[in-house]
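Notes follow the structure.
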Amino acid sequence: MKPKVAFFDFTSCEGCQLDVLNLTGEEVLDLLNAVDIVNFREAKTEREDNYEIAFIEGSITRESEIPRLQKIREQAKVLVALGACACMGGINCLKNHLPMEEALRIVYGKDAKNYDTFPARPVDTVVSVDYYVRGCPPVTAELLKVIKALLLGKKPDIPNYPVCVECKMAGNVCVFERGMTCLGPVARAGCGAICVTGGRYCWGCRGLVDDPNIDSEKDILKKYGLTVEQVVEKFNIYNTYAEVTK
Amino acid sequence: MKQVNINVHQVTRVEGHGNIVLSARDGKIEEIRWEVTESPRLFEAMLRGRYYDDASHIASRICGICSIAHSTASIQATEAAFGIQPSEQTLLLRKLLYSAELLESHILHALFLVAPDFLGVGSVFPLVATHKDVVLMALRLKKLAYNLAELLAQRKTHPLSCLVGGFAKLPDLSELEAIRGRLEDALVDLDATVELFKTLSIPDFVRETEYIALKDPKEYAFISGEIASTDAGVTPVADYLEVTNEFCIPHSTAKYTRNKRDSYMVGALARFNINHDQLLPQARRAATELGLSAPCHNPFMITVAQVVETVHAIEDSINLIDQILARGLEEEKNLMKVRAGRGIGAVEAPRGILFHDYTYDENGVLTEANCVIPTNQNHNNIQKDMEALVPLILGESEDKIRLTLEMLVRAYDPCISCSAHALKVTFK
């Protein structure tokens with residue numbers, strides 16, 4: 001029997017789910033040989049509730065999402081948080097800077113009272129999570145790696161070192177040398193430093209490494225005449241939840 | 001006494017969350033409602049207070065499917081606010097990147113989300129056994145679109161290198177030349193897609209409405225031009241609020257819009273109705289073969305218009321690459337300058353016209369942001385279509401009615417995550 005897999009979306013842009021479909025024909029056929037996808041609303045009408053593996057996309061931003069998520073946790077033997085929103089709250093947490101009434105008023109004006117929402121939070125603040133597929137968006141190859149690992153009941157080998165390591169391997173000129181701030185020294189790798197390679201800098205969408213060397217980041221900032229505030233502003237795009245609850 | 005109760009909670013094979021509610025008794029409709037239940041995401045509030053440099057990065061995350069459209073609208077709004085005129089080179093690259101998203105989004109919708117309805121299955125997965133060639137072709141076209149976007153902006157979902165004033169990294173010319181060959185090959189795949197769509201029987205339903213799309217005298221518009229309406233003529237982008245007239249309704253977290261009539265339509269069919277004479281030759285031929293001619297007032301034909309636009313996008317990509325190869329690419333001087341002001345970016349996202357309206361202070365910090373999303377502009381039209389369609393099909397079985405209404409919603413290719421800012425059908 002192939003294990004049954006389900007995908008569920010909470011508050012998100014659904015880009016992570018979409019990238020699941022960004023596979024070559026061969027990869028899709030391999031995947032469908034290994035698992036049965038029984039629940040995938042964005043791509044599939046039929047639903048079955050006897051899944052063993054659940055992928056959760058999105059952060060939790062309203063009351064009604066909590067019992068829904070708890071029910072999924074009760075059913076699933078393995079629960080995977082897919083993407084930055086599910087893993088750490090992600091971009092949805094940007095609204096957490098404002099009082100919710102204020103944020104609603106900005107968008108919906110006098111009708112704000114009709115809308116139900118609370119500060120965005122990651123999946124593991126509501127239920128336990130077995131695997132994390134980080135990133136905004138996640139790297140498809142890493143997603144496949146996690147699927148393989150969980151099918152074998154193993155722990156996937158996910159980097160726990162800073163983006164700088166991969167950035168050096170990619171042969172990039174250091175972002176600080178180009179006069180910009182970057183979270184590379186403290187942010188978790190696994191992305192291949194794609195943002196720096198593309199001419200940008202790291203926003204830390206995969207979160208921090210487990211033991212970030214904050215002092216060294218500060219030293220770098222000092223060396224380049226940058227401020228902690230400049231880093232914090234970049235940092236809070238994806239890590240606001242952690243920051244606000246600290 | 002025939003009672004019909006349809007309640008479709010969270011329509012599948014659409015992006016985001018929507019319900020259809022229909023209740024009818026003895027052939028009389030008691031209630032028809034298209035409800036949008038997406039969680040409010042509050043992007044306009046998130047953008048406020050951010051430095052310009054983060055705006056397109058955040059805005060692209062409104063939607064995973066049309067992140068290039070949001071990113072481009074955001075960049076153009078910021079450029080308009082700062083008075084920056086992007087170079088010809090930048091515009092060529094931007095259009096090429098834009099084609100990649102259009103190709104990916106339309107193929108995903110036409111072949112993965114819509115085609116299963118016509119082939120009598122609930123998703124693309126069973127088609128792996130019955131229509132393997134179609135599935136592999138769709139995956140091949142999607143991969144091509146992803147690779148084209150990767151070449152220009154590192155990735156398709158949440159693009160990286162496209163910025164205010166230009167591109168942070170330029171693509172390699174030899175790689176552009178290589179992907180040009182794959183685009184030529186893709187035209188063969190699209191012939192097969194056109195053949196497939198010729199065999200599908202599209203529901204015959206007509207309801208004329210107002211159609212709105214960008215219009216540019218120079219080309220079939222995606223990232224330039226003014227707002228054209230089939231009812232009201234041309235309006236400058238600066239006056240977009242006069243066209244969109246957003247309002248809130250109780251059962252929906254998305255805002256609704258209306259202009260000259262009760263509702264209007266945006267997206268591939270609206271663009272086709274307004275700009276069809278600017279389609280490139282093969283796309284025009286595909287339209288003829290598929291029986292699509294302007295004006296077309298059948299919303300189920302939106303998907304057909306998407307197939308036609310896909311052909312156009314590939315032809316256009318080949319032309320754009322030829323222009324880039326002929327002129328070469330060079331590092332350009334940084335055009336960035338910050339000033340206080342308001343700017344509006346308007347683009348044609350795959351699902352229709354999209355506006356980002358930003359106001360900056362003198363330090364380049366956003367003080368106001370307003371985004372008007374294509375799907376929001378279609379919600380009201382979906383509702384009005386349902387009201388016109390249901391009386392015509394009320395004699396059918398509940399299953400048939402449900403499927404037809406779901407197909408109607410799906411035809412619009414709604415992108416509800418964007419719009420939150422579906423189908424529930426109850427027949428009593």
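FYI, nothing fancy with the structure tokens labels: chains A, B, ... in order, residues from 1 per chain, ligands from 1 as they appear.
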task = Considering only C-alpha atoms, return as a ChimeraX atom specification whatever protein or nucleic-acid residues lie within 9 Å of Ala84 of chain A, sequence-local ones (same chain, fewer than 5 positions apart) excluded.
result = /A:57-59,89-91,122,133-138,205-207,238
Any chance you could export the current selection's N, CA and C atoms as a PDB file, in the first residue's frame?
```
ATOM      1  N   GLU A  57       0.398  24.095   4.525  1.00  0.00           N
ATOM      2  CA  GLU A  57       0.932  25.346   3.997  1.00  0.00           C
ATOM      3  C   GLU A  57       0.210  26.514   4.669  1.00  0.00           C
ATOM      4  N   GLY A  58       0.954  27.568   4.968  1.00  0.00           N
ATOM      5  CA  GLY A  58       0.313  28.779   5.483  1.00  0.00           C
ATOM      6  C   GLY A  58       0.427  28.930   6.985  1.00  0.00           C
ATOM      7  N   SER A  59       0.189  30.150   7.446  1.00  0.00           N
ATOM      8  CA  SER A  59       0.195  30.379   8.884  1.00  0.00           C
ATOM      9  C   SER A  59      -1.237  30.408   9.407  1.00  0.00           C
ATOM     10  N   GLY A  89       5.611  31.398  10.639  1.00  0.00           N
ATOM     11  CA  GLY A  89       4.658  32.516  10.593  1.00  0.00           C
ATOM     12  C   GLY A  89       4.795  33.295   9.313  1.00  0.00           C
ATOM     13  N   GLY A  90       6.053  33.512   8.914  1.00  0.00           N
ATOM     14  CA  GLY A  90       6.326  34.101   7.607  1.00  0.00           C
ATOM     15  C   GLY A  90       5.789  35.499   7.417  1.00  0.00           C
ATOM     16  N   ILE A  91       5.581  35.804   6.156  1.00  0.00           N
ATOM     17  CA  ILE A  91       5.256  37.175   5.772  1.00  0.00           C
ATOM     18  C   ILE A  91       3.941  37.660   6.389  1.00  0.00           C
ATOM     19  N   PRO A 122       2.935  30.522  13.553  1.00  0.00           N
ATOM     20  CA  PRO A 122       3.308  29.293  12.848  1.00  0.00           C
ATOM     21  C   PRO A 122       2.484  28.093  13.316  1.00  0.00           C
ATOM     22  N   VAL A 133       9.765  21.999   6.090  1.00  0.00           N
ATOM     23  CA  VAL A 133      10.359  22.306   4.779  1.00  0.00           C
ATOM     24  C   VAL A 133      10.365  23.825   4.694  1.00  0.00           C
ATOM     25  N   ARG A 134      11.533  24.391   4.913  1.00  0.00           N
ATOM     26  CA  ARG A 134      11.619  25.839   5.103  1.00  0.00           C
ATOM     27  C   ARG A 134      11.709  26.601   3.788  1.00  0.00           C
ATOM     28  N   GLY A 135      11.569  27.932   3.904  1.00  0.00           N
ATOM     29  CA  GLY A 135      11.834  28.802   2.761  1.00  0.00           C
ATOM     30  C   GLY A 135      10.596  29.447   2.185  1.00  0.00           C
ATOM     31  N   CYS A 136      10.802  30.585   1.562  1.00  0.00           N
ATOM     32  CA  CYS A 136       9.717  31.316   0.900  1.00  0.00           C
ATOM     33  C   CYS A 136      10.177  31.690  -0.501  1.00  0.00           C
ATOM     34  N   PRO A 137       9.894  30.843  -1.482  1.00  0.00           N
ATOM     35  CA  PRO A 137       9.251  29.530  -1.361  1.00  0.00           C
ATOM     36  C   PRO A 137      10.283  28.462  -1.019  1.00  0.00           C
ATOM     37  N   PRO A 138       9.839  27.247  -0.651  1.00  0.00           N
ATOM     38  CA  PRO A 138      10.785  26.158  -0.406  1.00  0.00           C
ATOM     39  C   PRO A 138      11.508  25.773  -1.698  1.00  0.00           C
ATOM     40  N   CYS A 205      14.579  33.894   5.047  1.00  0.00           N
ATOM     41  CA  CYS A 205      13.245  33.278   4.942  1.00  0.00           C
ATOM     42  C   CYS A 205      13.223  31.849   5.459  1.00  0.00           C
ATOM     43  N   ARG A 206      14.387  31.281   5.740  1.00  0.00           N
ATOM     44  CA  ARG A 206      14.420  29.923   6.313  1.00  0.00           C
ATOM     45  C   ARG A 206      14.674  29.967   7.813  1.00  0.00           C
ATOM     46  N   GLY A 207      14.638  31.155   8.387  1.00  0.00           N
ATOM     47  CA  GLY A 207      14.858  31.296   9.825  1.00  0.00           C
ATOM     48  C   GLY A 207      16.340  31.345  10.151  1.00  0.00           C
ATOM     49  N   TYR A 238      10.244  38.001   7.737  1.00  0.00           N
ATOM     50  CA  TYR A 238       9.861  36.589   7.909  1.00  0.00           C
ATOM     51  C   TYR A 238       9.823  36.123   9.355  1.00  0.00           C
TER      52      TYR A 238
END
```
query = Which residue out of B:Val4, B:Ile212, B:Leu176, B:Met407 has the minimum interatomic distance to Asp26 of chain B when only C-alpha atoms are used?
reply = B:Val4
task = Extract, using only C-alpha atoms, all DNA, RNA and protein residues at most 6 Å from Ile37 of chain A, discarding same-chain residues fewer than 3 positions from it, and format them as JSON, numbers by chain.
result = {"A": [4, 5, 6]}
For those residues, write N, CA and C atoms to a file as an mmCIF file, in the first residue's frame.
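Printed below is part_2.cif as written:
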```cif
data_model
loop_
_atom_site.group_PDB
_atom_site.id
_atom_site.type_symbol
_atom_site.label_atom_id
_atom_site.label_comp_id
_atom_site.auth_asym_id
_atom_site.auth_seq_id
_atom_site.Cartn_x
_atom_site.Cartn_y
_atom_site.Cartn_z
ATOM 1 N N LYS A 4 -0.804 7.433 1.966
ATOM 2 C CA LYS A 4 -1.697 8.471 1.457
ATOM 3 C C LYS A 4 -1.244 9.834 1.964
ATOM 4 N N VAL A 5 -1.154 10.756 1.032
ATOM 5 C CA VAL A 5 -0.629 12.087 1.337
ATOM 6 C C VAL A 5 -1.714 13.132 1.094
ATOM 7 N N ALA A 6 -1.785 14.108 1.985
ATOM 8 C CA ALA A 6 -2.762 15.190 1.830
ATOM 9 C C ALA A 6 -2.057 16.540 1.939
#
```
Those of segment 53-282 of chain B in DSSP strand (DSSP E or B), formatted as a CSV table (one decimal) with C-alpha atoms, in the first residue's frame:
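Here's the written file selection-v2.csv:
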```
chain,number,residue,atom,x,y,z
B,123,SER,CA,-8.1,16.1,-11.1
B,162,CYS,CA,13.5,42.4,-11.2
B,163,LEU,CA,13.8,45.6,-9.3
B,166,GLY,CA,16.1,47.6,-13.8
B,167,PHE,CA,17.4,44.1,-13.2
B,210,GLU,CA,-18.6,45.3,-19.5
B,211,TYR,CA,-15.1,44.1,-20.4
B,212,ILE,CA,-12.1,46.0,-19.0
B,213,ALA,CA,-8.4,45.6,-19.9
B,214,LEU,CA,-5.3,47.6,-20.5
B,215,LYS,CA,-4.9,48.9,-24.0
B,216,ASP,CA,-1.7,50.0,-25.7
B,219,GLU,CA,0.9,45.9,-28.8
B,226,GLU,CA,-4.4,52.8,-20.3
B,227,ILE,CA,-7.6,51.3,-19.0
B,228,ALA,CA,-10.0,50.4,-21.8
B,229,SER,CA,-13.7,49.5,-21.3
B,233,GLY,CA,-13.8,53.9,-23.7
B,234,VAL,CA,-10.3,54.7,-22.4
B,235,THR,CA,-9.5,56.0,-18.9
B,247,PHE,CA,-17.0,48.0,-2.0
B,252,SER,CA,-17.0,37.9,1.5
B,256,TYR,CA,-16.2,43.7,-5.0
B,264,TYR,CA,-17.6,43.9,-15.2
B,265,MET,CA,-15.2,41.2,-16.4
```
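Straight-line separation from atom CA of Ile56 of chain A to atom CA of Leu69 of chain A: 8.6 Å.
For Pro159 of chain B, the list of residues within 8 Å, based on only C-alpha atoms and with local chain neighbours fewer than 6 positions off taken out, reads Ser60, Ser67, Ile68, Ser71, Ala149 and Ala153 of chain B.
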request  = Using backbone DSSP assignments, extract all helix (DSSP H, G or I) residues from segment 9-92 of chain A; output them as a ChimeraX atom specification.
outcome  = /A:15-20,25-34,65-75,84-88,90-92
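When the distance limit is 8 Å and only C-alpha atoms are what count, the residues near segment 360-368 of chain B, minus those fewer than 6 positions from it on the same chain, are Glu44, Leu47, Arg48, Gly49, Arg50, Tyr51, Tyr52, Ala81, Val338, Arg339, Ala340, Gly341 and Arg342 of chain B.
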Selected residues written out with N, CA and C atoms, as a short mmCIF file (atom, residue, chain, number, x, y, z; two decimals), in the first residue's frame:
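Result written to result29.cif:
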```cif
data_model
loop_
_atom_site.label_atom_id
_atom_site.label_comp_id
_atom_site.auth_asym_id
_atom_site.auth_seq_id
_atom_site.Cartn_x
_atom_site.Cartn_y
_atom_site.Cartn_z
N GLU B 44 -2.16 45.47 2.45
CA GLU B 44 -2.02 46.93 2.39
C GLU B 44 -1.49 47.47 3.71
N LEU B 47 2.33 46.60 3.97
CA LEU B 47 3.22 47.41 3.14
C LEU B 47 3.50 48.77 3.78
N ARG B 48 2.54 49.24 4.55
CA ARG B 48 2.68 50.57 5.14
C ARG B 48 3.90 50.61 6.06
N GLY B 49 4.73 51.63 5.89
CA GLY B 49 5.90 51.79 6.73
C GLY B 49 7.14 51.08 6.21
N ARG B 50 7.01 50.35 5.09
CA ARG B 50 8.18 49.65 4.56
C ARG B 50 8.96 50.57 3.61
N TYR B 51 10.26 50.33 3.54
CA TYR B 51 11.14 51.03 2.63
C TYR B 51 10.88 50.51 1.20
N TYR B 52 11.04 51.38 0.21
CA TYR B 52 10.69 51.01 -1.17
C TYR B 52 11.35 49.70 -1.62
N ALA B 81 5.99 56.72 -8.84
CA ALA B 81 6.06 57.65 -7.70
C ALA B 81 7.38 58.42 -7.70
N VAL B 338 15.06 58.65 -4.90
CA VAL B 338 13.88 58.58 -4.04
C VAL B 338 13.26 59.97 -3.94
N ARG B 339 11.93 60.04 -4.01
CA ARG B 339 11.28 61.32 -3.75
C ARG B 339 9.87 61.05 -3.20
N ALA B 340 9.30 62.03 -2.58
CA ALA B 340 7.94 61.85 -2.06
C ALA B 340 6.96 61.90 -3.21
N GLY B 341 5.89 61.11 -3.12
CA GLY B 341 4.88 61.17 -4.16
C GLY B 341 4.05 59.91 -4.26
N ARG B 342 3.09 59.97 -5.17
CA ARG B 342 2.20 58.83 -5.36
C ARG B 342 2.41 58.27 -6.76
#
```
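When only C-alpha atoms are used to measure the gap to Leu279 of chain B, the shortest distance among B:Asp172, B:Glu31, B:Glu309, B:Glu184 belongs to B:Glu309.
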request  = Please provide as a PyMOL selection string all residues within 9 Å of segment 371-376 of chain B, with the sequence filter that same-chain residues fewer than 2 positions apart are discarded (counting only C-alpha atoms).
outcome  = chain B and resi 43-44+244+246+254-257+265-267+348-358+369+378-380+412-416+418-421
request  = Write out as a PyMOL selection string which residues come within 7 Å of segment 299-302 of chain B when counting only C-alpha atoms, dropping same-chain ones fewer than 3 positions away.
outcome  = chain B and resi 202-203+268-269+305-306+408+411-412
Residues from last step as file, N, CA and C atoms, as a PDB file, in the first residue's frame:
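Written file, again.pdb:
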```
ATOM      1  N   ILE B 202     -17.540  23.196 -24.910  1.00  0.00           N
ATOM      2  CA  ILE B 202     -17.623  24.305 -23.964  1.00  0.00           C
ATOM      3  C   ILE B 202     -19.109  24.658 -23.787  1.00  0.00           C
ATOM      4  N   PRO B 203     -19.594  24.792 -22.546  1.00  0.00           N
ATOM      5  CA  PRO B 203     -21.009  25.155 -22.351  1.00  0.00           C
ATOM      6  C   PRO B 203     -21.374  26.420 -23.128  1.00  0.00           C
ATOM      7  N   ALA B 268      -8.474  37.104 -19.450  1.00  0.00           N
ATOM      8  CA  ALA B 268      -8.095  36.748 -20.821  1.00  0.00           C
ATOM      9  C   ALA B 268      -9.192  37.094 -21.825  1.00  0.00           C
ATOM     10  N   LEU B 269     -10.460  36.832 -21.479  1.00  0.00           N
ATOM     11  CA  LEU B 269     -11.527  37.091 -22.444  1.00  0.00           C
ATOM     12  C   LEU B 269     -11.742  38.605 -22.618  1.00  0.00           C
ATOM     13  N   ALA B 305      -9.658  31.596 -24.437  1.00  0.00           N
ATOM     14  CA  ALA B 305      -8.872  32.825 -24.644  1.00  0.00           C
ATOM     15  C   ALA B 305      -7.485  32.679 -24.008  1.00  0.00           C
ATOM     16  N   GLN B 306      -7.424  31.956 -22.884  1.00  0.00           N
ATOM     17  CA  GLN B 306      -6.110  31.732 -22.257  1.00  0.00           C
ATOM     18  C   GLN B 306      -5.211  30.890 -23.159  1.00  0.00           C
ATOM     19  N   LEU B 408     -18.138  27.175 -14.027  1.00  0.00           N
ATOM     20  CA  LEU B 408     -18.215  28.621 -14.276  1.00  0.00           C
ATOM     21  C   LEU B 408     -17.186  29.358 -13.417  1.00  0.00           C
ATOM     22  N   ALA B 411     -13.749  28.690 -14.630  1.00  0.00           N
ATOM     23  CA  ALA B 411     -13.413  29.366 -15.883  1.00  0.00           C
ATOM     24  C   ALA B 411     -12.756  30.716 -15.613  1.00  0.00           C
ATOM     25  N   TYR B 412     -13.220  31.387 -14.577  1.00  0.00           N
ATOM     26  CA  TYR B 412     -12.652  32.696 -14.244  1.00  0.00           C
ATOM     27  C   TYR B 412     -11.244  32.586 -13.662  1.00  0.00           C
TER      28      TYR B 412
END
```
